[in-house]
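Trainee: One file: protein-v6.pdb (PDB, C-alpha atoms, pLDDT in the B column).
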```pdb
MODEL        1
ATOM      1  CA  GLU A1227     -21.133  95.481   8.357  1.00 77.00           C
ATOM      2  CA  SER A1228     -22.781  98.583   9.782  1.00 83.00           C
ATOM      3  CA  LEU A1229     -19.396 100.293  10.031  1.00 88.00           C
ATOM      4  CA  ARG A1230     -18.834  99.746   6.289  1.00 88.00           C
ATOM      5  CA  GLN A1231     -22.204 101.236   5.488  1.00 89.00           C
ATOM      6  CA  GLN A1232     -21.419 104.273   7.610  1.00 90.00           C
ATOM      7  CA  GLN A1233     -18.026 104.586   5.925  1.00 89.00           C
ATOM      8  CA  ASP A1234     -19.598 104.420   2.449  1.00 90.00           C
ATOM      9  CA  ALA A1235     -22.234 106.986   3.429  1.00 91.00           C
ATOM     10  CA  LEU A1236     -19.563 109.356   4.751  1.00 90.00           C
ATOM     11  CA  GLN A1237     -17.490 108.970   1.569  1.00 90.00           C
ATOM     12  CA  LYS A1238     -20.519 109.776  -0.567  1.00 90.00           C
ATOM     13  CA  GLN A1239     -21.252 112.842   1.562  1.00 88.00           C
ATOM     14  CA  MET A1240     -17.635 113.935   1.200  1.00 87.00           C
ATOM     15  CA  GLN A1241     -17.772 113.561  -2.602  1.00 85.00           C
ATOM     16  CA  VAL A1242     -21.012 115.543  -2.779  1.00 82.00           C
ATOM     17  CA  ALA A1243     -19.539 118.287  -0.602  1.00 81.00           C
ATOM     18  CA  ALA A1244     -16.371 118.416  -2.757  1.00 77.00           C
ATOM     19  CA  GLU A1245     -18.464 118.707  -5.941  1.00 73.00           C
ATOM     20  CA  GLN A1246     -20.532 121.495  -4.416  1.00 70.00           C
ATOM     21  CA  LEU A1247     -17.409 123.393  -3.412  1.00 67.00           C
ATOM     22  CA  ALA A1248     -15.955 123.009  -6.880  1.00 67.00           C
ATOM     23  CA  GLY A1249     -19.196 124.212  -8.444  1.00 64.00           C
ATOM     24  CA  ASN A1250     -19.402 127.224  -6.151  1.00 61.00           C
ATOM     25  CA  ALA A1251     -15.770 128.214  -6.600  1.00 65.00           C
ATOM     26  CA  LYS A1252     -15.354 131.599  -8.197  1.00 74.00           C
ATOM     27  CA  ARG A1253     -13.615 131.713 -11.531  1.00 82.00           C
ATOM     28  CA  LEU A1254     -10.744 134.154 -11.528  1.00 86.00           C
ATOM     29  CA  ASN A1255      -8.883 135.944 -14.279  1.00 89.00           C
ATOM     30  CA  VAL A1256      -5.513 137.611 -13.959  1.00 92.00           C
ATOM     31  CA  CYS A1257      -5.313 141.302 -14.861  1.00 93.00           C
ATOM     32  CA  GLU A1258      -2.840 141.590 -17.729  1.00 93.00           C
ATOM     33  CA  VAL A1259      -1.597 144.963 -16.518  1.00 93.00           C
ATOM     34  CA  CYS A1260      -0.956 144.469 -12.811  1.00 93.00           C
ATOM     35  CA  GLY A1261      -1.403 140.733 -12.183  1.00 92.00           C
ATOM     36  CA  ALA A1262      -4.287 141.052  -9.720  1.00 93.00           C
ATOM     37  CA  PHE A1263      -6.947 138.348  -9.583  1.00 90.00           C
ATOM     38  CA  LEU A1264     -10.338 139.480 -10.844  1.00 91.00           C
ATOM     39  CA  VAL A1265     -13.574 137.536 -10.384  1.00 89.00           C
ATOM     40  CA  VAL A1266     -15.171 136.627 -13.705  1.00 87.00           C
ATOM     41  CA  ASN A1267     -18.569 138.315 -14.203  1.00 85.00           C
ATOM     42  CA  ASP A1268     -17.997 140.485 -11.136  1.00 85.00           C
ATOM     43  CA  ALA A1269     -19.970 143.658 -10.532  1.00 89.00           C
ATOM     44  CA  GLU A1270     -19.060 146.461 -12.913  1.00 90.00           C
ATOM     45  CA  SER A1271     -18.352 148.801 -10.027  1.00 92.00           C
ATOM     46  CA  ARG A1272     -15.626 146.474  -8.739  1.00 92.00           C
ATOM     47  CA  VAL A1273     -14.013 146.245 -12.154  1.00 91.00           C
ATOM     48  CA  ILE A1274     -14.052 150.038 -12.491  1.00 93.00           C
ATOM     49  CA  ALA A1275     -12.652 150.390  -8.977  1.00 95.00           C
ATOM     50  CA  HIS A1276      -9.828 148.040  -9.918  1.00 94.00           C
ATOM     51  CA  LEU A1277      -9.035 149.923 -13.131  1.00 93.00           C
ATOM     52  CA  ASP A1278      -8.991 153.240 -11.237  1.00 95.00           C
ATOM     53  CA  GLY A1279      -6.893 151.820  -8.405  1.00 95.00           C
ATOM     54  CA  LYS A1280      -3.407 153.068  -7.583  1.00 95.00           C
ATOM     55  CA  GLN A1281      -1.698 149.719  -8.099  1.00 94.00           C
ATOM     56  CA  HIS A1282      -3.268 149.111 -11.514  1.00 95.00           C
ATOM     57  CA  MET A1283      -2.599 152.680 -12.670  1.00 95.00           C
ATOM     58  CA  GLY A1284       0.984 152.531 -11.409  1.00 96.00           C
ATOM     59  CA  TYR A1285       1.710 149.357 -13.335  1.00 95.00           C
ATOM     60  CA  GLN A1286       0.096 150.878 -16.422  1.00 96.00           C
ATOM     61  CA  MET A1287       2.342 153.942 -16.154  1.00 96.00           C
ATOM     62  CA  ILE A1288       5.412 151.712 -15.854  1.00 96.00           C
ATOM     63  CA  ARG A1289       4.391 149.666 -18.889  1.00 96.00           C
ATOM     64  CA  ASP A1290       3.754 152.824 -20.927  1.00 96.00           C
ATOM     65  CA  LYS A1291       7.170 154.242 -20.003  1.00 97.00           C
ATOM     66  CA  ILE A1292       8.920 150.980 -20.899  1.00 96.00           C
ATOM     67  CA  LYS A1293       7.195 150.992 -24.272  1.00 96.00           C
ATOM     68  CA  GLU A1294       8.203 154.634 -24.848  1.00 96.00           C
ATOM     69  CA  VAL A1295      11.852 153.930 -23.966  1.00 96.00           C
ATOM     70  CA  LYS A1296      11.999 150.878 -26.230  1.00 96.00           C
ATOM     71  CA  GLU A1297      10.534 152.861 -29.122  1.00 95.00           C
ATOM     72  CA  GLY A1298      13.150 155.563 -28.514  1.00 95.00           C
ATOM     73  CA  GLN A1299      15.924 152.976 -28.580  1.00 95.00           C
ATOM     74  CA  ILE A1300      14.644 151.538 -31.844  1.00 94.00           C
ATOM     75  CA  LYS A1301      14.517 155.012 -33.423  1.00 94.00           C
ATOM     76  CA  ALA A1302      18.027 155.786 -32.194  1.00 93.00           C
ATOM     77  CA  GLU A1303      19.351 152.523 -33.640  1.00 92.00           C
ATOM     78  CA  GLU A1304      17.652 153.210 -36.958  1.00 91.00           C
ATOM     79  CA  LEU A1305      19.112 156.715 -37.036  1.00 90.00           C
ATOM     80  CA  ALA A1306      22.590 155.406 -36.220  1.00 90.00           C
ATOM     81  CA  ASN A1307      22.305 152.756 -38.946  1.00 89.00           C
ATOM     82  CA  SER A1308      21.145 155.301 -41.513  1.00 86.00           C
ATOM     83  CA  GLN A1309      24.037 157.625 -40.598  1.00 84.00           C
ATOM     84  CA  LYS A1310      26.516 154.783 -41.025  1.00 82.00           C
ATOM     85  CA  LYS A1311      25.139 154.098 -44.481  1.00 80.00           C
ATOM     86  CA  GLU A1312      25.331 157.801 -45.394  1.00 75.00           C
ATOM     87  CA  GLY A1313      28.925 158.222 -44.263  1.00 66.00           C
ATOM     88  CA  GLY A1314      28.547 158.561 -40.538  1.00 51.00           C
ATOM     89  CA  GLU A1315      32.055 157.134 -40.138  1.00 51.00           C
ATOM     90  CA  GLY A1316      33.526 160.268 -41.684  1.00 51.00           C
ATOM     91  CA  GLU A1317      31.696 162.389 -39.130  1.00 53.00           C
ATOM     92  CA  LYS A1318      33.193 160.355 -36.308  1.00 53.00           C
ATOM     93  CA  ARG A1319      36.687 160.889 -37.714  1.00 55.00           C
ATOM     94  CA  LYS A1320      36.099 164.631 -38.006  1.00 55.00           C
ATOM     95  CA  SER A1321      34.993 164.887 -34.394  1.00 55.00           C
ATOM     96  CA  ARG A1322      38.038 162.879 -33.259  1.00 58.00           C
ATOM     97  CA  ASP A1323      40.363 165.110 -35.268  1.00 60.00           C
ATOM     98  CA  LEU A1324      38.779 168.218 -33.791  1.00 59.00           C
ATOM     99  CA  SER A1325      39.208 166.911 -30.263  1.00 62.00           C
ATOM    100  CA  LYS A1326      42.874 166.124 -30.973  1.00 65.00           C
ATOM    101  CA  GLU A1327      43.412 169.638 -32.283  1.00 66.00           C
ATOM    102  CA  SER A1328      41.846 171.183 -29.183  1.00 64.00           C
ATOM    103  CA  ASP A1329      44.034 168.974 -26.978  1.00 68.00           C
ATOM    104  CA  LYS A1330      47.129 170.189 -28.850  1.00 68.00           C
ATOM    105  CA  LYS A1331      46.099 173.835 -28.448  1.00 66.00           C
ATOM    106  CA  GLU A1332      45.633 173.393 -24.705  1.00 68.00           C
ATOM    107  CA  LYS A1333      49.039 171.740 -24.353  1.00 68.00           C
ATOM    108  CA  ASP A1334      50.629 174.568 -26.320  1.00 71.00           C
ATOM    109  CA  LYS A1335      48.969 177.132 -24.039  1.00 65.00           C
ATOM    110  CA  GLU A1336      50.282 175.308 -20.975  1.00 66.00           C
ATOM    111  CA  ARG A1337      53.793 175.236 -22.435  1.00 68.00           C
ATOM    112  CA  ASN A1338      53.672 178.930 -23.197  1.00 64.00           C
ATOM    113  CA  LYS A1339      52.488 179.702 -19.676  1.00 61.00           C
ATOM    114  CA  SER A1340      55.318 177.683 -18.170  1.00 59.00           C
ATOM    115  CA  LYS A1341      57.859 179.449 -20.423  1.00 58.00           C
ATOM    116  CA  ASP A1342      56.472 182.859 -19.460  1.00 58.00           C
ATOM    117  CA  SER A1343      56.673 182.069 -15.754  1.00 53.00           C
ATOM    118  CA  ARG A1344      60.406 181.265 -16.029  1.00 48.00           C
TER     119      ARG A1344
ENDMDL
END
```
Go ahead and express the file in the form of structure tokens.

Mentor:
Amino acid sequence: ESLRQQQDALQKQMQVAAEQLAGNAKRLNVCEVCGAFLVVNDAESRVIAHLDGKQHMGYQMIRDKIKEVKEGQIKAEELANSQKKEGGEGEKRKSRDLSKESDKKEKDKERNKSKDSR
């Protein structure tokens, strides 16, 4: 009987201790830029130190560059689409024809050189 009372008392103490730990646990947020854990309602100096930190700033630079590259790709696609609508296919044909003509001229030059060397 006394052992059961001791067991019950220990279980109650354990529950109280678990509740106190849960109540004292710090709430954390995840930084959306670099993924670091930040304590909610932490001192302003710590938050500023985090924002000025190398890791946070590095991730921010990477995110900015990714955004810039994606915007460039979108603009390039829009430009290509607008050129297709305005007859961009004709321009491609012209450039192909020009490259064929230059290839022919080079072959002719090579033939003439080989004839002259004979």

Trainee: So how many Å separate CA of Leu1305 in chain A and CA of Met1287 in chain A, to one decimal?

Mentor: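 We find that CA of Leu1305 in chain A and CA of Met1287 in chain A lie 26.9 Å from each other.
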
Trainee: Could you put an axis-aligned box around every listed atom of range 1282-1289 of chain A, padded by 6 Å on each side, and send me its centre and edge lengths in Å to one decimal, as lines of an AutoDock Vina configuration file?

Mentor:
```
center_x = 1.1
center_y = 151.5
center_z = -15.1
size_x = 20.7
size_y = 16.8
size_z = 19.5
```

Trainee: Could you list, as an mmCIF file with C-alpha atoms, in the coordinates of the input, every residue matched by the PyMOL selection byres ((chain A and resi 1263) around 12) in this structure?

Mentor:
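Result went into selection_10.cif, see below:
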```
data_model
loop_
_atom_site.group_PDB
_atom_site.id
_atom_site.type_symbol
_atom_site.label_atom_id
_atom_site.label_comp_id
_atom_site.auth_asym_id
_atom_site.auth_seq_id
_atom_site.Cartn_x
_atom_site.Cartn_y
_atom_site.Cartn_z
ATOM 1 C CA LYS A 1252 -15.354 131.599 -8.197
ATOM 2 C CA ARG A 1253 -13.615 131.713 -11.531
ATOM 3 C CA LEU A 1254 -10.744 134.154 -11.528
ATOM 4 C CA ASN A 1255 -8.883 135.944 -14.279
ATOM 5 C CA VAL A 1256 -5.513 137.611 -13.959
ATOM 6 C CA CYS A 1257 -5.313 141.302 -14.861
ATOM 7 C CA GLU A 1258 -2.840 141.590 -17.729
ATOM 8 C CA VAL A 1259 -1.597 144.963 -16.518
ATOM 9 C CA CYS A 1260 -0.956 144.469 -12.811
ATOM 10 C CA GLY A 1261 -1.403 140.733 -12.183
ATOM 11 C CA ALA A 1262 -4.287 141.052 -9.720
ATOM 12 C CA LEU A 1264 -10.338 139.480 -10.844
ATOM 13 C CA VAL A 1265 -13.574 137.536 -10.384
ATOM 14 C CA VAL A 1266 -15.171 136.627 -13.705
ATOM 15 C CA ASP A 1268 -17.997 140.485 -11.136
ATOM 16 C CA ARG A 1272 -15.626 146.474 -8.739
ATOM 17 C CA VAL A 1273 -14.013 146.245 -12.154
ATOM 18 C CA HIS A 1276 -9.828 148.040 -9.918
ATOM 19 C CA HIS A 1282 -3.268 149.111 -11.514
#
```

Trainee: Quick one, how far is CA of Lys1291 in chain A from CA of Glu1270 in chain A?

Mentor: 28.3 Å

Trainee: Take CA of Ile1300 in chain A and CA of Gln1286 in chain A and report the distance between them in Å, one decimal.

Mentor: 21.2 Å
